[in-house]
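*Asks:* Encoded as structure tokens, here's the structure I'll be asking about.
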Amino acid sequence: MTPAEPAAPRVVVADDQELVRTGFRLILTARGIDVVGEAADGAEAVAAVRGLRPDVVLMDIRMPVMDGLEAARRVLAQAPDCRVIMLTTFDLDRYVYAALAAGASGFLLKDVTPEHLASAVRLVRTGDALLAPSITRRLVERFARGEHRNRAGPEPQPGTPAVHRDLAALTQREREVLTLIGRGLSNSELARTLTLSEATVKTHVARIFAKLALRDRAQAVVLAYETGLVSPGGSAGTLQERR
């Protein structure tokens with residue numbers, strides 16, 4: 001490793017299937033990413049984060065003892081600098097929405113390619129959000145329409161940190177930027193749409209995150225929907241995967 005290169009991300013893989021954990025560990029290790037621990041349920045994942053202090057946790061949603069959603073909440077409460085990527089086999093799993101609201105940095109389907117998996121870990125480790133373009137918009141829109149209320153199962157817990165924020169602190173331009181983030185525009189797309197430099201856009205985004213105490217773009221998307229800045233089915237782009 002040269003001095004200019006960042007240290008390899010330290011990762012915990014949490015999944016109740018040993019074969020999945022082993023496969024992800026081999027994939028990541030082969031690409032220079034350090035898997036420092038594994039967990040077979042949510043409680044083990046929380047304990048592993050407490051003891052190992054990883055940079056990123058790959059967290060399965062459906063696990064015994066404690067599900068991935070509750071584990072993600074506890075992990076982010078005890079280790080705010082840790083990044084959580086939710087893993088699911090379902091492309092519209094409503095638990096993912098609640099996880100994003102709680103502070104998870106994104107989610108992946110378990111059939112992700114090895115290259116995409118490694119890229120995702122490196123991406124969220126930098127503080128960005130992983131918004132998979134094939135499913136994130138549908139996920140957020142379905143939840144925003146209230147379809148989750150027609151399904152059995154526990155409701156997402158209230159009071160998650162990305163919802164019901166007071167937008168009064170934002171300037172008109174910042175509200176406009178947040179609206180476009182909610183519609184999935186990247187910084188370069190924001191710059192073109194608003195006829196601004198990308199550096200100016202980044203400044204606006206940073207100020208929005210600071211004023212609203214948002215961790216990343218994942219929470220910004222959730223907030224834009226829950227405050228009504230963006231409505232389900234709205235136009236103006238699709239969610240882009242941040243690379």
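Labels for the structure tokens follow display order: chains A, B, ..., residues from 1 in each chain, ligands from 1.
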I want to know what sits within 12 Å of Gln17 in chain A, based on only C-alpha atoms, with residues of the same chain fewer than 2 positions away left out; could you give that as a VMD selection string?
*Replies:* chain A and resid 13 to 15 19 to 24 38 to 41 59 to 64 110
*Asks:* Could you write out that same residue set with all heavy atoms as a short mmCIF file (atom, residue, chain, number, x, y, z; two decimals), in the first residue's frame?
*Replies:*
data_model
loop_
_atom_site.label_atom_id
_atom_site.label_comp_id
_atom_site.auth_asym_id
_atom_site.auth_seq_id
_atom_site.Cartn_x
_atom_site.Cartn_y
_atom_site.Cartn_z
N VAL A 13 -19.51 -9.26 8.34
CA VAL A 13 -20.58 -9.83 7.53
C VAL A 13 -21.57 -10.52 8.46
O VAL A 13 -21.20 -11.44 9.20
CB VAL A 13 -20.04 -10.85 6.50
CG1 VAL A 13 -21.19 -11.47 5.71
CG2 VAL A 13 -19.03 -10.18 5.57
N ALA A 14 -22.83 -10.07 8.44
CA ALA A 14 -23.86 -10.63 9.31
C ALA A 14 -24.95 -11.28 8.47
O ALA A 14 -25.69 -10.59 7.76
CB ALA A 14 -24.46 -9.54 10.20
N ASP A 15 -25.04 -12.60 8.54
CA ASP A 15 -26.04 -13.35 7.79
C ASP A 15 -26.21 -14.70 8.47
O ASP A 15 -25.23 -15.29 8.93
CB ASP A 15 -25.60 -13.54 6.34
CG ASP A 15 -26.74 -14.02 5.44
OD1 ASP A 15 -27.15 -15.19 5.58
OD2 ASP A 15 -27.20 -13.22 4.61
N LEU A 19 -23.03 -20.25 4.30
CA LEU A 19 -22.55 -20.23 2.92
C LEU A 19 -22.48 -18.81 2.38
O LEU A 19 -21.53 -18.45 1.67
CB LEU A 19 -23.47 -21.08 2.04
CG LEU A 19 -23.01 -21.29 0.59
CD1 LEU A 19 -21.65 -21.99 0.54
CD2 LEU A 19 -24.05 -22.10 -0.19
N VAL A 20 -23.46 -17.97 2.72
CA VAL A 20 -23.45 -16.57 2.28
C VAL A 20 -22.28 -15.84 2.92
O VAL A 20 -21.54 -15.10 2.25
CB VAL A 20 -24.78 -15.88 2.64
CG1 VAL A 20 -24.68 -14.37 2.36
CG2 VAL A 20 -25.92 -16.49 1.84
N ARG A 21 -22.09 -16.03 4.22
CA ARG A 21 -20.99 -15.36 4.91
C ARG A 21 -19.65 -15.76 4.30
O ARG A 21 -18.78 -14.91 4.04
CB ARG A 21 -21.00 -15.69 6.40
CG ARG A 21 -22.25 -15.23 7.14
CD ARG A 21 -22.02 -15.21 8.65
NE ARG A 21 -21.51 -16.46 9.19
CZ ARG A 21 -22.26 -17.47 9.60
NH1 ARG A 21 -23.60 -17.39 9.50
NH2 ARG A 21 -21.73 -18.57 10.11
N THR A 22 -19.48 -17.04 4.07
CA THR A 22 -18.22 -17.53 3.52
C THR A 22 -17.98 -16.96 2.12
O THR A 22 -16.87 -16.51 1.79
CB THR A 22 -18.21 -19.06 3.46
OG1 THR A 22 -18.36 -19.58 4.79
CG2 THR A 22 -16.91 -19.58 2.86
N GLY A 23 -19.03 -16.96 1.30
CA GLY A 23 -18.89 -16.44 -0.05
C GLY A 23 -18.53 -14.97 -0.07
O GLY A 23 -17.62 -14.55 -0.80
N PHE A 24 -19.20 -14.18 0.75
CA PHE A 24 -18.90 -12.75 0.80
C PHE A 24 -17.48 -12.51 1.33
O PHE A 24 -16.78 -11.62 0.85
CB PHE A 24 -19.93 -12.03 1.66
CG PHE A 24 -21.21 -11.73 0.95
CD1 PHE A 24 -21.52 -12.34 -0.26
CD2 PHE A 24 -22.13 -10.84 1.48
CE1 PHE A 24 -22.70 -12.07 -0.94
CE2 PHE A 24 -23.32 -10.55 0.81
CZ PHE A 24 -23.60 -11.17 -0.39
N GLU A 38 -17.59 -12.16 11.54
CA GLU A 38 -18.85 -12.65 10.99
C GLU A 38 -19.85 -12.80 12.13
O GLU A 38 -19.48 -12.95 13.29
CB GLU A 38 -18.64 -14.00 10.29
CG GLU A 38 -17.69 -13.95 9.10
CD GLU A 38 -17.52 -15.31 8.44
OE1 GLU A 38 -18.36 -16.21 8.71
OE2 GLU A 38 -16.56 -15.48 7.67
N ALA A 39 -21.14 -12.75 11.76
CA ALA A 39 -22.20 -12.91 12.76
C ALA A 39 -23.34 -13.69 12.14
O ALA A 39 -23.68 -13.48 10.97
CB ALA A 39 -22.69 -11.55 13.24
N ALA A 40 -23.95 -14.57 12.92
CA ALA A 40 -25.03 -15.42 12.42
C ALA A 40 -26.41 -14.89 12.78
O ALA A 40 -27.41 -15.44 12.35
CB ALA A 40 -24.87 -16.84 12.96
N ASP A 41 -26.47 -13.83 13.57
CA ASP A 41 -27.76 -13.20 13.89
C ASP A 41 -27.50 -11.76 14.28
O ASP A 41 -26.36 -11.31 14.39
CB ASP A 41 -28.49 -13.95 15.01
CG ASP A 41 -27.70 -14.03 16.31
OD1 ASP A 41 -27.33 -12.96 16.84
OD2 ASP A 41 -27.45 -15.15 16.79
N MET A 59 -25.34 -6.38 6.43
CA MET A 59 -26.34 -6.85 7.39
C MET A 59 -27.54 -7.46 6.67
O MET A 59 -28.28 -6.77 5.97
CB MET A 59 -26.80 -5.66 8.24
CG MET A 59 -27.79 -6.03 9.34
SD MET A 59 -26.96 -6.64 10.82
CE MET A 59 -26.31 -5.08 11.49
N ASP A 60 -27.73 -8.75 6.87
CA ASP A 60 -28.93 -9.40 6.35
C ASP A 60 -30.15 -8.87 7.10
O ASP A 60 -30.07 -8.56 8.29
CB ASP A 60 -28.82 -10.92 6.55
CG ASP A 60 -29.94 -11.69 5.90
OD1 ASP A 60 -30.58 -11.15 4.96
OD2 ASP A 60 -30.19 -12.83 6.31
N ILE A 61 -31.28 -8.75 6.41
CA ILE A 61 -32.48 -8.23 7.06
C ILE A 61 -33.14 -9.29 7.93
O ILE A 61 -33.49 -9.04 9.09
CB ILE A 61 -33.49 -7.72 6.01
CG1 ILE A 61 -32.93 -6.47 5.33
CG2 ILE A 61 -34.83 -7.41 6.66
CD1 ILE A 61 -33.82 -5.93 4.25
N ARG A 62 -33.29 -10.49 7.40
CA ARG A 62 -34.06 -11.52 8.09
C ARG A 62 -33.11 -12.50 8.78
O ARG A 62 -32.53 -13.37 8.13
CB ARG A 62 -34.96 -12.23 7.09
CG ARG A 62 -35.96 -11.28 6.41
CD ARG A 62 -36.65 -11.93 5.23
NE ARG A 62 -37.49 -10.99 4.52
CZ ARG A 62 -38.79 -10.80 4.75
NH1 ARG A 62 -39.39 -11.52 5.69
NH2 ARG A 62 -39.48 -9.93 4.07
N MET A 63 -32.95 -12.34 10.09
CA MET A 63 -32.07 -13.21 10.88
C MET A 63 -32.76 -13.57 12.18
O MET A 63 -33.64 -12.83 12.65
CB MET A 63 -30.74 -12.50 11.18
CG MET A 63 -29.86 -12.27 9.97
SD MET A 63 -28.21 -11.63 10.42
CE MET A 63 -28.64 -9.97 10.98
N PRO A 64 -32.37 -14.67 12.79
CA PRO A 64 -32.96 -15.06 14.08
C PRO A 64 -32.42 -14.21 15.23
O PRO A 64 -31.48 -13.43 15.05
CB PRO A 64 -32.52 -16.52 14.22
CG PRO A 64 -31.24 -16.60 13.46
CD PRO A 64 -31.41 -15.67 12.29
N LYS A 110 -28.80 -10.04 -2.64
CA LYS A 110 -27.77 -11.04 -2.36
C LYS A 110 -27.16 -11.63 -3.63
O LYS A 110 -26.11 -12.28 -3.54
CB LYS A 110 -28.33 -12.15 -1.48
CG LYS A 110 -28.54 -11.72 -0.04
CD LYS A 110 -28.92 -12.90 0.83
CE LYS A 110 -29.16 -12.49 2.26
NZ LYS A 110 -29.53 -13.64 3.11
#
*Asks:* For the atom pair CA of His116 in chain A and CA of Thr29 in chain A, what is the interatomic distance in Å to one decimal place?
*Replies:*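 It comes out at 14.0 Å.
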*Asks:* Quick one: of A:Val222, A:Leu180, A:Ala30, A:Leu212, who's nearest to Ala101 in chain A, counting only C-alpha atoms?
*Replies:*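 So, comparing all the options, the nearest one is A:Val222.
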*Asks:* Which value, in Å to one decimal, gives the distance between CA of Arg83 in chain A and CA of Val221 in chain A?
*Replies:*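 Computed distance, CA of Arg83 in chain A to CA of Val221 in chain A, equals 16.9 Å.
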